[in-house]
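Student: One structure, pasted below without further comment.
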Amino acid sequence: MFTAAGANPTPSSTRTGKRRPRPLSNEGSIPKAKRQRSALSDHTFIAPDGHAEMQEARAYKPAALSPKEVTREVSGQHREIPVRGKKTRSGDRNSKGDGSVVLTTNDTYTVSKLPALPDRLRANTKERQHGAIYSDSGYALSLTHTHAIVWPYAVNAPSPETFTFAIPQPSKHFTDPLPLGSLVSASASSSEPGLVVVVPTTGRITYWESIASAATLDLRLQRNGVELSISGMYSGETVIQILNAESAGFMLAFSSGRNAFMSVRDSQGRPAVSVQFLRSGNGSASGGLFGSVRNALSRASWHGDIVAVRAGQPGKVGERNVVLATSKGKIQSWDINRSGHTSLMAETEARETIVLAIKETIRSMSELLIETFEILDFAHIPNPLGAAGDQSTSLLLLTSLGDRQKTHYTLVEVLLKPNETMIGNIRPLKSYTTPVTRTATSNPRLYLPSPGLVAFAVFDRAVVVVSMVKQPDTPEMQLITESHFLLQTFEDVIDFRKDMNVEIVGSGMEEPNTAPHGIEDSKSRRHKAKHPATVLIVRGGGVLRIAATNVTKLASREAQKVTAKSKLEQAVFFGNLEHNPINFAVRSELQFSPEEVGEAALDLSQDILKSQTPYIPSVPGSIDQNLRKRSAALHDLAEYLNQSGVELDRVTRWKLLWNAERLEAAIVVWNRYDALVREKPVGQKRGLLTEVVEWIHEDYKTEPVPEAGELDRVRHWFINDIWNLEIALPWAFQVIKYTYQDGQKDHVTVMETLSEANDFVIGALQGSFDFRTANLRLYGLQSEPLYQGILSEDYEGLPQFWTSTFFGVENIRKQIELAGVLLTAYIGKPAQEGQPSVGLIDKIKGEHGLLIDMSIRAHNERVRWSSVQDDPQLQIEAEQMTAAQETAVDGQLKQLAKDLGSPGEAILLAEKHEILPTLAYVLMYELNECSRKANANSKTEANLAAHDINDDQSAALKMTVRQCFNKFGKRWADALYGLDIELDSMNVLLDGFPEEFPYLTTYLRNRQDCAKISWIHEVTRNKDFDQAALTLLDLGLQREQDLWSKKIELSIGKLARLAGKNYSQKDGIIIPDGGSTELTATHNELSLIKIQDTVYEYILPTIAAAIDDNAELQLALEAHGNKLSRKQPAFSSLLKDKMGHLVRHTAMKGVDLIDLLTLMEDNDHNEDYVFRGERFYLALQASQHGIDEKEEQLTIQRMIWRRCMLRDDWSQINNTDMKDDSQIQDQLRQTALYLTFRSCLKNSLFDKKSSVKPMKPQEILGACTDGLDRRFDGLDVSFQERIMKDFEVEDDAFKAYVETCRLENWHTGALELAQQEFAQEVAEETEDGSKMRQAKTALQEAEEAISKKEQAAAENLLRGKISSRPRVRLNGSSTKSVKKY
């Protein structure tokens, strides 16, 4: 039973007594007695929104506003009529023309900003305010400290009709809690709702019966309305909540924990405000409305503040169920009646029960303290768990349990019965863990609009959307249900930006398919919702609606889930809306893995490319605008990913960049195509791009559907198929080829098509390369080594680049070749009828260099990518393409410079892509052209200007050459000097660009094939004899094959070495041996050359009559061939090879000379025995100078001695029968063995220091039969076998001489005879020399004696007196005459 809290006299009505309230006509209404002033329908006092209530706004101390800024108005209501928008019919408000702006949307919900907002609220976003949404009436309420503002929130008007009420006697302090208010159901006399406002600190209540008709009341009511001050409030007690529980009345909640019933009409329906405090009891409360304050519900008995007072669904007229909950878990259910009677239906202390159920269900919360538990809000479940009429109440609680880092929110279903409390399903809110902001203007709110499939948890800067769908009744689900846990289906958070300082200060909900209460007026503002929604009043953001747009999907078994792609879509398509208050950054609770984000980003990027996203129209009026919108979307996607800091892998980043490149390329291609179509005459609009689209295979494009109006193939391709742009690029040339093969051979047509092909290829590739360069950082690829739009390196792990497919690269190269041929045919030729126009030719020529540029880039990219792939076929492809492209580009640039008259462009391209050999060629070509022009034109006055221009061009070209040295360094020197050598421009090489001689020096020193030039440069320019010697000796010793050149090079090298090394590098002391120890190899080679010259002089008479090299060889073999060629064919072949070297003056190695000398046959019976004796001596000498290894040298010498002994017939020599000693000695002196001994002894070859010794036959046996020496290693195996066989034949013959002809004795005899005769010869030479020395001495003594004698005679003659003078006779004689004195 309610008892009055205090006597509050009802103020007298200001209405006239005779005025009768207008009854409402309602079907089924029963006429009332006449004493009743007005007939009230069953729905007159039903609340406009059963859940609309207003809570206390906490005390607040503003930092930006001062009391001086608050302007008071005259008390009363103010209508902003001048800005009132045109009313729209209720049926039209949900159409697309409702004026709302979609802030974000996905498959499950849509957030839109409603246009209607009072100018006062829009202009002042810093003023403290709070409010509520009343969807049943279509109005929103906002309250500040001084004003109440009411406006229709769902109308399509930026500045709607607004009702502003000045609150009478507001709070004295600006930091006090904001006023509380509620709209009141419309009275019988008005279609508009009324308004009641409560000042929390003073308890002053003001009621306006109708917001629209207040202006018709008398001045006092216009100023104040119906007023009342609540009596019986405690000191410091404030009103914290007001609940509209019509038709029963209103409920007020106080900070002390007390509750009060408030009515704004008397029993006759007239405006009259009354307040009665309630008291609690264990059973039904009956009787009057007055009771003891002592028994009132105190704060202590409630175990916490009252956090929510909610009214259940309307039942009988004048009755309502009201549920109250405290933060600590106490819940009471009351039935109240407008007559003042109340019943406590159920009461429970649910904290412990709820916390235990939560911990049992959610194991991760088992360690949380029960003291942190709070009930934040609750809502009635539209379809309760209990049976109808069982007096149970089904609630959905929003609860929290906290720890130090975050707060864990849960939705708990509770069935409240008179004697029992049951816990239903428990849903954790995993997507939101931010603690409640205690200083927020409004408390958290929970909305569960009918049909109860989705719940909205509203916080100060976020709204959590939760699916409440029940899972199918299966055994598995029954087990889950028994564990109080419901599988999570859909949950998402709409977060608001902190940087905009927005805050949710009021909210309400909209329910679809709800019938109006009473008869709906035609001018009603009630919003007919299509979807369950919550509507927010956002300070600084306007009025927002969050609607669950697809309840069907929410109710399905496969309900929608929050995906990375949906989050990306929202950020991309709505993140850049101006003044969008939504924060699209993914919350930490909903973080996705980098792999998920990368996959989602690629899917979204592909959807945009294929126009498969619903956020961009796929049937645009302008293709250019459509492409730019899609390009902007990809840009926004990249920016969002960049700002979010997601660590995407490298491949994903490149794929995203490639998709953006395709769109950018498509924009360029479309604009060129569109301009071309615009210029073409009617009937001739068809062009290359149309052909390309039609030629593309159906597997790589989307076929248009003519029945659906898709008639333009090109536009259809740009909308749906540019994701496969790389397929179309090769067809630019293929269309020309097939068109030509089909008979379109007219050059005009071909060149027109070629011009369009150039536009297509250049536009696509240049647009993509430029875009890639400009946006590398945007896609997180700033560390990639990019140059000219392509990677310089690091292609490993990347997929194929769309800008450089194999067919694309090959067809661009062919397209360039075709353009070059056509341009060469027409440039510089007089115009004729039937030929391409000059403008067309100039256009193709002007873009030819750019086409080459694109081709080079694409080729380089393809080759670099293919060369690092694991597929061997791709690596082979890279090698083949490199070889083909080098030749092609060289020819293209040379053609551009020479045939097409664009050397400057060719130079720029070659320098840009560092094609240095071609760059050197073009520069040298231009320099030569300048020189030619200068020499061709006489320097007359008429040609002076031309000479000056030519000189300037030449100077500029030379400057370019010098700049290339600075830019490219050694690589440029290699290219330039290599060209000079190739063109035999030795004067340019050695004398051109003297300031760059260090580069020339390095180049020549590194080029072994340039040694013959290098040593000249070292001597003449660098004065470096040591380097010149090193170059010449290296050339002569290692590579030179010409005998004469080798001799000269070694000789000059030796001379340069001696010239450069005559002084020690350390102390300047003269080197004693002149550096001969450093020239051992040189001396050996010179010795071999001398031996070869000796042999050649010997055979020269036999080949003097030859007419060529072949004849010389034939004659030499005829004269000196081996008689044993039949028995030893391999040796015969060997001799022929070595004889060929000799007659061709090829420098021969030591072993080659040994084979030649030892295999030559003595065919001439009158042979010069001097050479015969020297032949084997020279071979032994060649083994000493030409073989370094001792073992090999010994083996070869054994072979030489064996062949030497085989030169003679020892069986004949051994037959001494009938021969005297002198005959035998004469025969022995004629043998090659004896002659060789004599030559060796004579030339001191048997000295102790020499490696050559006379070998006995037994030491020689078996030489070269055990294995071949290394000179035969590279020969064919079969030839090696034949060589070995010939050695065995040779050894067998020698062995026979040893065994049957006493060769051992004859060898000893020949050696002794040679030694004896050599000793005698030396002795004779010594005796003759002694005699000559004695004669010389005697002669010198005689001359000295004569000289002394003559000197003495002369001295005596001078001392004596001359007595007479000789007289000359005619016959020449003289006589003496004496002169007398």
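Naming works like this for the structure tokens: A, B, ... for the chains as they're shown, residue 1 at the start of each chain, ligands 1 onward in shown order.
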Neighbouring residues of Gln892 (chain A) were defined as those with any atom within 9 Å, considering only C-alpha atoms; residues of the same chain fewer than 4 positions away were excluded. Please report them as a ChimeraX atom specification.
Tutor: /A:816-817,820,852,887-888,896-897,906
Student: Would you put the residues from that selection into a file with C-alpha atoms, as a compact mmCIF listing (two decimals), in the first residue's frame?
Tutor:
```txt
# COMPACT_ATOMS: atom_id res chain seq x y z
CA ILE A 816 58.30 -1.04 -80.94
CA GLU A 817 59.85 -2.85 -83.89
CA GLY A 820 60.30 1.76 -85.93
CA ILE A 852 60.98 2.19 -75.54
CA THR A 887 70.29 -6.61 -79.05
CA ALA A 888 66.81 -5.16 -79.47
CA LEU A 896 65.95 6.49 -82.60
CA ALA A 897 69.17 8.49 -82.83
CA ALA A 906 68.23 8.27 -77.25
```
Student: Could you state the separation of CA of Leu590 (chain A) and CA of Lys430 (chain A) in Å, given to one decimal place?
Tutor: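 CA of Leu590 (chain A) sits 8.0 Å away from CA of Lys430 (chain A).
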Student: According to DSSP computed on the backbone, where in region 584-817 of chain A is there strand (DSSP E or B)? Give the residues as a list in words.
Tutor: Leu786, Tyr787, Ile790 and Leu791 of chain A
Student: So which residues touch Ile1154 (chain A) within 12 Å, counting only C-alpha atoms, skipping near sequence neighbours fewer than 2 positions away, as a VMD selection string?
Tutor: chain A and resid 1088 1091 to 1092 1095 1134 to 1135 1138 to 1139 1148 to 1152 1156 to 1160 1175 to 1187 1193 1196 to 1201 1203 to 1204
Student: Excluding His1307 (chain A) and residues on its chain fewer than 2 positions from it, collect all residues at most 10 Å away from it, counting only C-alpha atoms, and give them as a ChimeraX atom specification.
Tutor: /A:1205,1228,1233-1234,1254-1257,1298,1302-1305,1309-1313
Student: Enumerate, as JSON, numbers by chain, the complete set of residues in region 704-767 of chain A that a backbone-based DSSP assignment places in alpha helix (DSSP H).
Tutor: {"A": [713, 714, 715, 716, 717, 718, 719, 720, 725, 726, 727, 728, 731, 732, 733, 734, 735, 736, 737, 738, 739, 740, 741, 747, 748, 749, 750, 751, 752, 753, 754, 755, 756, 757, 758, 759, 760, 761, 762, 763, 764, 765, 766, 767]}
Student: A:Thr105, A:Gln885, A:Ser866, A:Thr1231: which is nearest Glu569 (chain A), counting only C-alpha atoms?
Tutor: A:Thr105
Student: Could you name the residues that touch Ala1029 (chain A) at 9 Å or less, counting only C-alpha atoms, but leaving out those on the same chain fewer than 6 positions away, as a list in words?
Tutor: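 Selected residues are Trp1015, Glu1049, Leu1050, Ile1052, Gly1053, Lys1054, Leu1055, Ala1056, Arg1057, Leu1058 and Gly1060 of chain A.
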Student: Between CA of Lys894 (chain A) and CA of Phe997 (chain A), what is the distance in Å, rounded to a tenth?
Tutor: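 Value for the CA of Lys894 (chain A)-CA of Phe997 (chain A) distance: 27.6 Å.
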Student: Using CA of Thr563 (chain A) and CA of Leu398 (chain A) as the two end points, give the distance in Å to one decimal.
Tutor: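 CA of Leu398 (chain A) lies at a distance of 24.9 Å from CA of Thr563 (chain A).
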